file my_file_22.txt (compact mmCIF, C-alpha atoms (C1' of nucleotides))
# COMPACT_ATOMS: atom_id res chain seq x y z
CA MET K 1 18.54 6.27 -3.07
CA THR K 2 20.70 4.76 -5.78
CA ARG K 3 19.98 1.98 -8.26
CA GLU K 4 22.21 -0.28 -6.17
CA PHE K 5 19.92 0.17 -3.19
CA PHE K 6 17.03 -1.45 -5.06
CA ILE K 7 18.94 -4.25 -6.83
CA ARG K 8 18.71 -6.38 -3.67
CA ASP K 9 16.12 -8.84 -2.36
CA PRO K 10 12.77 -7.10 -1.65
CA ARG K 11 13.01 -8.27 1.96
CA THR K 12 16.31 -6.43 2.37
CA VAL K 13 15.09 -3.37 0.48
CA GLY K 14 11.87 -3.30 2.49
CA ARG K 15 13.63 -3.26 5.85
CA ALA K 16 16.14 -0.69 4.58
CA LEU K 17 13.34 1.62 3.41
CA LEU K 18 11.93 2.02 6.93
CA GLY K 19 12.93 5.45 8.19
CA LYS K 20 13.68 6.82 4.72
CA VAL K 21 11.67 9.75 3.36
CA LEU K 22 9.26 9.41 0.46
CA VAL K 23 9.06 12.75 -1.34
CA ARG K 24 6.64 14.05 -3.93
CA ARG K 25 7.99 17.23 -5.49
CA GLU K 26 5.05 19.37 -6.51
CA LYS K 27 5.51 22.74 -8.19
CA SER K 28 3.88 24.32 -5.17
CA GLY K 29 6.30 22.60 -2.80
CA PRO K 30 7.27 19.18 -1.47
CA LEU K 31 5.03 16.59 0.11
CA SER K 32 6.97 14.13 2.21
CA ALA K 33 6.47 11.29 4.66
CA ARG K 34 8.81 9.06 6.65
CA ILE K 35 8.27 5.42 5.67
CA VAL K 36 7.05 3.36 8.63
CA GLU K 37 5.43 0.29 7.03
CA VAL K 38 6.14 -1.77 3.88
CA GLU K 39 5.59 -5.25 2.49
CA ALA K 40 7.87 -7.40 0.32
CA TYR K 41 6.56 -9.32 -2.69
CA LEU K 42 8.93 -11.92 -4.06
CA GLY K 43 7.68 -12.66 -7.57
CA LYS K 44 8.16 -16.18 -8.87
CA THR K 45 8.44 -17.80 -5.44
CA ASP K 46 5.57 -15.85 -3.86
CA PRO K 47 1.95 -16.81 -4.71
CA ALA K 48 0.73 -13.48 -3.27
CA SER K 49 2.81 -11.46 -5.76
CA HIS K 50 1.26 -10.03 -8.90
CA SER K 51 4.29 -11.36 -10.78
CA TYR K 52 3.92 -14.94 -9.50
CA ARG K 53 2.34 -16.17 -12.73
CA GLY K 54 4.77 -14.46 -15.05
CA LEU K 55 4.91 -11.33 -17.17
CA THR K 56 1.71 -9.47 -18.06
CA ALA K 57 0.98 -5.94 -19.26
CA ARG K 58 0.11 -4.86 -15.72
CA ASN K 59 3.14 -6.23 -13.88
CA ALA K 60 5.82 -5.55 -16.52
CA ILE K 61 7.57 -2.94 -14.37
CA MET K 62 8.41 -5.58 -11.76
CA PHE K 63 10.36 -7.55 -14.38
CA GLY K 64 12.33 -4.50 -15.46
CA PRO K 65 15.25 -2.76 -13.76
CA PRO K 66 15.12 -2.02 -10.01
CA GLY K 67 14.09 1.31 -8.54
CA PHE K 68 11.10 1.89 -10.82
CA VAL K 69 7.55 2.67 -9.76
CA TYR K 70 4.82 0.04 -10.10
CA VAL K 71 1.32 1.39 -9.41
CA TYR K 72 -1.71 -0.88 -9.37
CA PHE K 73 -5.41 -0.28 -8.81
CA ILE K 74 -7.30 -2.35 -6.26
CA TYR K 75 -10.88 -2.91 -5.09
CA GLY K 76 -12.25 -0.46 -7.63
CA ASN K 77 -11.03 2.40 -5.44
CA HIS K 78 -7.38 2.66 -4.55
CA TRP K 79 -3.95 3.14 -6.07
CA CYS K 80 -1.04 1.34 -4.43
CA LEU K 81 2.60 2.40 -4.77
CA ASN K 82 5.43 -0.10 -5.21
CA VAL K 83 9.08 -0.02 -6.24
CA SER K 84 10.69 -2.77 -8.31
CA CYS K 85 13.58 -4.76 -6.86
CA TRP K 86 16.15 -7.30 -8.04
CA PRO K 87 17.99 -7.16 -11.39
CA VAL K 88 16.30 -7.03 -14.79
CA GLY K 89 14.35 -10.21 -15.47
CA ARG K 90 13.77 -11.12 -11.83
CA ALA K 91 10.42 -9.84 -10.58
CA GLY K 92 9.96 -8.49 -7.07
CA ALA K 93 8.75 -5.35 -5.35
CA VAL K 94 8.17 -3.49 -2.13
CA LEU K 95 4.71 -2.07 -1.38
CA PHE K 96 4.67 1.27 0.49
CA ARG K 97 1.98 0.85 3.15
CA ALA K 98 2.28 3.81 5.51
CA GLY K 99 4.25 6.94 6.29
CA GLU K 100 4.49 9.66 8.89
CA PRO K 101 3.78 13.08 7.32
CA ILE K 102 6.66 15.55 7.38
CA GLU K 103 6.09 18.29 4.80
CA GLY K 104 2.98 19.45 2.95
CA ILE K 105 0.50 18.35 5.56
CA GLU K 106 -2.02 20.97 4.41
CA LYS K 107 -1.93 19.71 0.82
CA MET K 108 -2.11 16.10 1.91
CA SER K 109 -5.16 16.87 4.02
CA ALA K 110 -6.82 18.46 1.02
CA ALA K 111 -5.93 15.52 -1.22
CA ARG K 112 -7.46 13.14 1.34
CA GLY K 113 -10.51 15.31 1.95
CA ILE K 114 -9.75 15.42 5.66
CA VAL K 115 -10.13 18.39 7.98
CA LEU K 116 -7.50 18.01 10.68
CA SER K 117 -8.90 18.48 14.14
CA ASN K 118 -7.14 15.81 16.20
CA ASP K 119 -4.44 13.11 16.15
CA ARG K 120 -6.89 10.51 15.01
CA ASP K 121 -7.61 12.51 11.84
CA ALA K 122 -3.89 13.03 11.25
CA ARG K 123 -3.30 9.31 11.30
CA ARG K 124 -5.79 8.78 8.47
CA LEU K 125 -3.69 10.97 6.16
CA THR K 126 -1.01 8.43 5.29
CA SER K 127 -1.86 5.18 7.11
CA GLY K 128 -2.57 2.34 4.68
CA PRO K 129 -1.37 1.97 1.07
CA GLY K 130 -4.45 3.50 -0.57
CA ASN K 131 -4.46 6.46 1.80
CA LEU K 132 -0.73 7.08 1.46
CA SER K 133 -1.02 7.07 -2.32
CA GLN K 134 -3.97 9.45 -2.27
CA ALA K 135 -2.15 11.86 0.05
CA LEU K 136 0.81 12.01 -2.35
CA GLY K 137 -1.32 12.14 -5.50
CA ILE K 138 -0.09 8.77 -6.78
CA THR K 139 -1.90 7.38 -9.84
CA ARG K 140 -0.92 4.90 -12.49
CA GLU K 141 -1.32 7.47 -15.24
CA ARG K 142 1.01 9.90 -13.54
CA ASP K 143 3.57 7.65 -11.87
CA ASN K 144 3.72 4.11 -13.23
CA GLY K 145 7.16 3.44 -14.74
CA LYS K 146 8.87 6.41 -13.09
CA ASP K 147 12.49 6.10 -11.99
CA LEU K 148 12.45 6.51 -8.22
CA THR K 149 16.25 6.95 -8.20
CA SER K 150 16.43 9.83 -10.69
CA ALA K 151 17.23 13.29 -9.37
CA ALA K 152 14.94 14.63 -12.09
CA SER K 153 11.96 12.62 -10.85
CA ASP K 154 9.13 14.27 -8.93
CA LEU K 155 8.89 11.12 -6.82
CA VAL K 156 11.97 9.99 -4.89
CA VAL K 157 13.16 8.34 -1.68
CA LEU K 158 15.75 10.20 0.38
CA ASP K 159 17.97 9.27 3.31
CA ASP K 160 18.08 12.09 5.86
CA GLY K 161 20.18 10.08 8.30
CA PHE K 162 17.32 9.00 10.52
CA HIS K 163 17.31 5.35 11.58
CA PRO K 164 14.42 3.63 13.38
CA SER K 165 15.45 2.28 16.77
CA LYS K 166 13.42 -0.87 16.14
CA ILE K 167 11.98 -2.79 13.20
CA ALA K 168 9.33 -5.51 13.47
CA ALA K 169 7.98 -8.10 11.04
CA SER K 170 4.55 -9.70 10.70
CA VAL K 171 2.36 -11.46 8.17
CA ARG K 172 1.16 -9.36 5.25
CA ILE K 173 -2.26 -7.74 5.25
CA GLY K 174 -5.21 -8.47 3.01
CA ILE K 175 -3.83 -11.47 1.15
CA THR K 176 -5.14 -15.03 0.89
CA LYS K 177 -2.18 -16.81 -0.72
CA ALA K 178 1.11 -17.37 1.13
CA ALA K 179 -0.66 -15.61 3.99
CA GLU K 180 1.65 -17.00 6.67
CA ARG K 181 4.88 -15.48 5.38
CA PRO K 182 6.26 -12.69 7.64
CA LEU K 183 7.02 -10.19 4.87
CA ARG K 184 5.49 -7.07 6.36
CA TYR K 185 7.97 -4.73 8.03
CA PHE K 186 7.10 -1.79 10.23
CA VAL K 187 8.33 0.56 12.94
CA PRO K 188 6.70 -0.81 16.09
CA GLY K 189 4.81 1.75 18.11
CA ASN K 190 4.65 4.31 15.32
CA TRP K 191 1.20 5.87 15.26
CA PHE K 192 0.94 5.80 11.46
CA VAL K 193 1.40 2.07 10.97
CA SER K 194 -1.85 0.72 9.49
CA GLY K 195 -4.22 -1.79 11.00
CA PRO K 196 -5.91 -2.08 14.36
CA LYS K 197 -3.88 -0.93 17.35
CA VAL K 198 -2.70 -3.76 19.54
CA LEU K 199 -1.56 -3.35 23.12
C1' DA I 1 -13.14 -1.98 20.98
C1' DT I 2 -13.84 -5.49 17.35
C1' DA I 3 -16.61 -7.34 13.48
C1' DT I 4 -18.87 -7.25 9.21
C1' DC I 5 -19.97 -5.49 4.85
C1' DG I 6 -20.56 -2.70 0.51
C1' DA I 7 -18.28 0.07 -2.95
C1' DT I 8 -16.28 -0.23 -7.68
C1' DT I 9 -13.30 -1.65 -11.71
C1' DA I 10 -8.86 -3.39 -13.89
C1' DT I 11 -7.10 -7.61 -14.72
C1' DC I 12 -6.78 -12.31 -15.54
C1' DT I 13 -9.01 -17.07 -16.20
C1' DG L 1 -17.35 -14.03 -14.46
C1' DA L 2 -14.57 -13.99 -10.29
C1' DT L 3 -11.29 -11.90 -7.82
C1' DA L 4 -8.52 -8.37 -5.31
C1' DA L 5 -1.42 -6.31 -1.92
C1' DT L 6 -8.35 -1.53 0.68
C1' DC L 7 -11.16 1.77 3.00
C1' DG L 8 -14.74 3.69 5.63
C1' DA L 9 -19.25 3.21 7.39
C1' DT L 10 -22.23 0.83 10.28
C1' DA L 11 -23.47 -2.40 13.80
C1' DT L 12 -22.77 -4.52 18.09
C1' DG L 13 -20.56 -5.55 23.00

call {"tool": "encode", "arguments": {"input": "my_file_22.txt", "output": "structure tokens"}}
result
Amino acid sequence: MTREFFIRDPRTVGRALLGKVLVRREKSGPLSARIVEVEAYLGKTDPASHSYRGLTARNAIMFGPPGFVYVYFIYGNHWCLNVSCWPVGRAGAVLFRAGEPIEGIEKMSAARGIVLSNDRDARRLTSGPGNLSQALGITRERDNGKDLTSAASDLVVLDDGFHPSKIAASVRIGITKAAERPLRYFVPGNWFVSGPKVL
DNA sequence: ATATCGATTATCT
DNA sequence: GATAATCGATATG
């Protein structure tokens, strides 16, 4: 994806990211997953966004140019992967929440500490932002500030021509502020979308 | 199948 | 000192 792709509103970028492929290029080979769930965070106008209250050391990436990686640590346990949106000076981001594994499933299983024996185990590989990050080896030390649009990067988003037949929106997960805004986007019916399964 | 709860620490007030 | 863009384990119907 180009810089132009990420210059837009996080809501537009978020929807456009569904179906794209998130790739970690390891020396031993690629790890990749098709993006099936994201959330938009709108910065100044969004009380749930880390950038709502202005620039800090942690959220600085979101105020910088679009297409850069913002990684934050949550609940004493998990890394979460985001990409900055909007032009320099305007904060906003998309949180990667879930993907469908494509390449490097063995390595992702090892990274997650999961022995694959059924579909239910497979789902746990990359469903949920903390799990997805762990599967791809995302940490702040390694990835924060990376250019997601650079061909030289070991973390990129690619378009392989696939397009989801449907996209759905819902409220975001795990937040208390601006909880009613429908800024979560996902591929309905995809097995790897996080959260309880509804029928 | 859904509900509740503890873990664990960076960040901000 | 409180909180959090989560996860997985445990309990309960």

call {"tool": "closest_residue", "arguments": {"input": "my_file_22.txt", "among": "K:Val23, K:Leu125, K:Ala48, K:Ile61", "to": "Val171 of chain K", "atoms": "all atoms listed in the file"}}
result
K:Ala48

call {"tool": "interface_residues", "arguments": {"input": "my_file_22.txt", "of": "chain K", "to": "chain I", "cutoff": "7 Å", "atoms": "only C-alpha atoms (C1' of nucleotides)", "output": "PDB file with C-alpha atoms, in the coordinates of the input"}}
result
ATOM      1  CA  PHE K  73      -5.410  -0.280  -8.810  1.00  0.00           C
ATOM      2  CA  TYR K  75     -10.880  -2.910  -5.090  1.00  0.00           C
ATOM      3  CA  GLY K  76     -12.250  -0.460  -7.630  1.00  0.00           C
ATOM      4  CA  ASN K  77     -11.030   2.400  -5.440  1.00  0.00           C
TER       5      ASN K  77
END

call {"tool": "residues_around", "arguments": {"input": "my_file_22.txt", "residues": "Ala40 of chain K", "least_positions_apart": "6", "cutoff": "8 Å", "atoms": "only C-alpha atoms (C1' of nucleotides)", "output": "PyMOL selection string"}}
result
chain K and resi 10-11+14+92-95+183-184

call {"tool": "residues_around", "arguments": {"input": "my_file_22.txt", "residues": "DA4 of chain L", "least_positions_apart": "2", "cutoff": "9 Å", "atoms": "all atoms listed in the file", "output": "mmCIF file with C-alpha atoms, keeping the file's coordinate frame"}}
result
data_model
loop_
_atom_site.group_PDB
_atom_site.id
_atom_site.type_symbol
_atom_site.label_atom_id
_atom_site.label_comp_id
_atom_site.auth_asym_id
_atom_site.auth_seq_id
_atom_site.Cartn_x
_atom_site.Cartn_y
_atom_site.Cartn_z
ATOM 1 C CA ILE K 74 -7.300 -2.350 -6.260
ATOM 2 C CA TYR K 75 -10.880 -2.910 -5.090
ATOM 3 C CA GLY K 174 -5.210 -8.470 3.010
ATOM 4 C CA ILE K 175 -3.830 -11.470 1.150
#

call {"tool": "atom_distance", "arguments": {"input": "my_file_22.txt", "atom1": "atom CA of Tyr70 of chain K", "atom2": "atom C1' of DA2 of chain L"}}
result
23.9 Å

call {"tool": "interface_residues", "arguments": {"input": "my_file_22.txt", "of": "chain L", "to": "chain K", "cutoff": "9 Å", "atoms": "all atoms listed in the file", "output": "list in words"}}
result
DA4, DA5, DT6 and DC7 of chain L

call {"tool": "residues_near_point", "arguments": {"input": "my_file_22.txt", "point": "(9.2, 5.0, 4.7)", "cutoff": "8 Å", "atoms": "only C-alpha atoms (C1' of nucleotides)", "output": "JSON, numbers by chain"}}
result
{"K": [17, 18, 19, 20, 21, 22, 33, 34, 35, 36, 37, 38, 96, 98, 99, 100]}

call {"tool": "atom_distance", "arguments": {"input": "my_file_22.txt", "atom1": "atom CA of Ala110 of chain K", "atom2": "atom CA of Arg123 of chain K"}}
result
14.2 Å

call {"tool": "atom_distance", "arguments": {"input": "my_file_22.txt", "atom1": "atom CA of Ala169 of chain K", "atom2": "atom CA of Thr45 of chain K"}}
result
19.1 Å

call {"tool": "closest_residue", "arguments": {"input": "my_file_22.txt", "among": "K:Ala178, K:Ala152, K:Val193, K:Met108", "to": "Tyr52 of chain K", "atoms": "all atoms listed in the file"}}
result
K:Ala178

call {"tool": "residues_around", "arguments": {"input": "my_file_22.txt", "residues": "Lys166 of chain K", "least_positions_apart": "3", "cutoff": "10 Å", "atoms": "all atoms listed in the file", "output": "compact mmCIF listing (two decimals) with C-alpha atoms, in the frame of the given file"}}
result
# COMPACT_ATOMS: atom_id res chain seq x y z
CA LEU K 18 11.93 2.02 6.93
CA HIS K 163 17.31 5.35 11.58
CA PHE K 186 7.10 -1.79 10.23
CA VAL K 187 8.33 0.56 12.94
CA PRO K 188 6.70 -0.81 16.09
CA GLY K 189 4.81 1.75 18.11
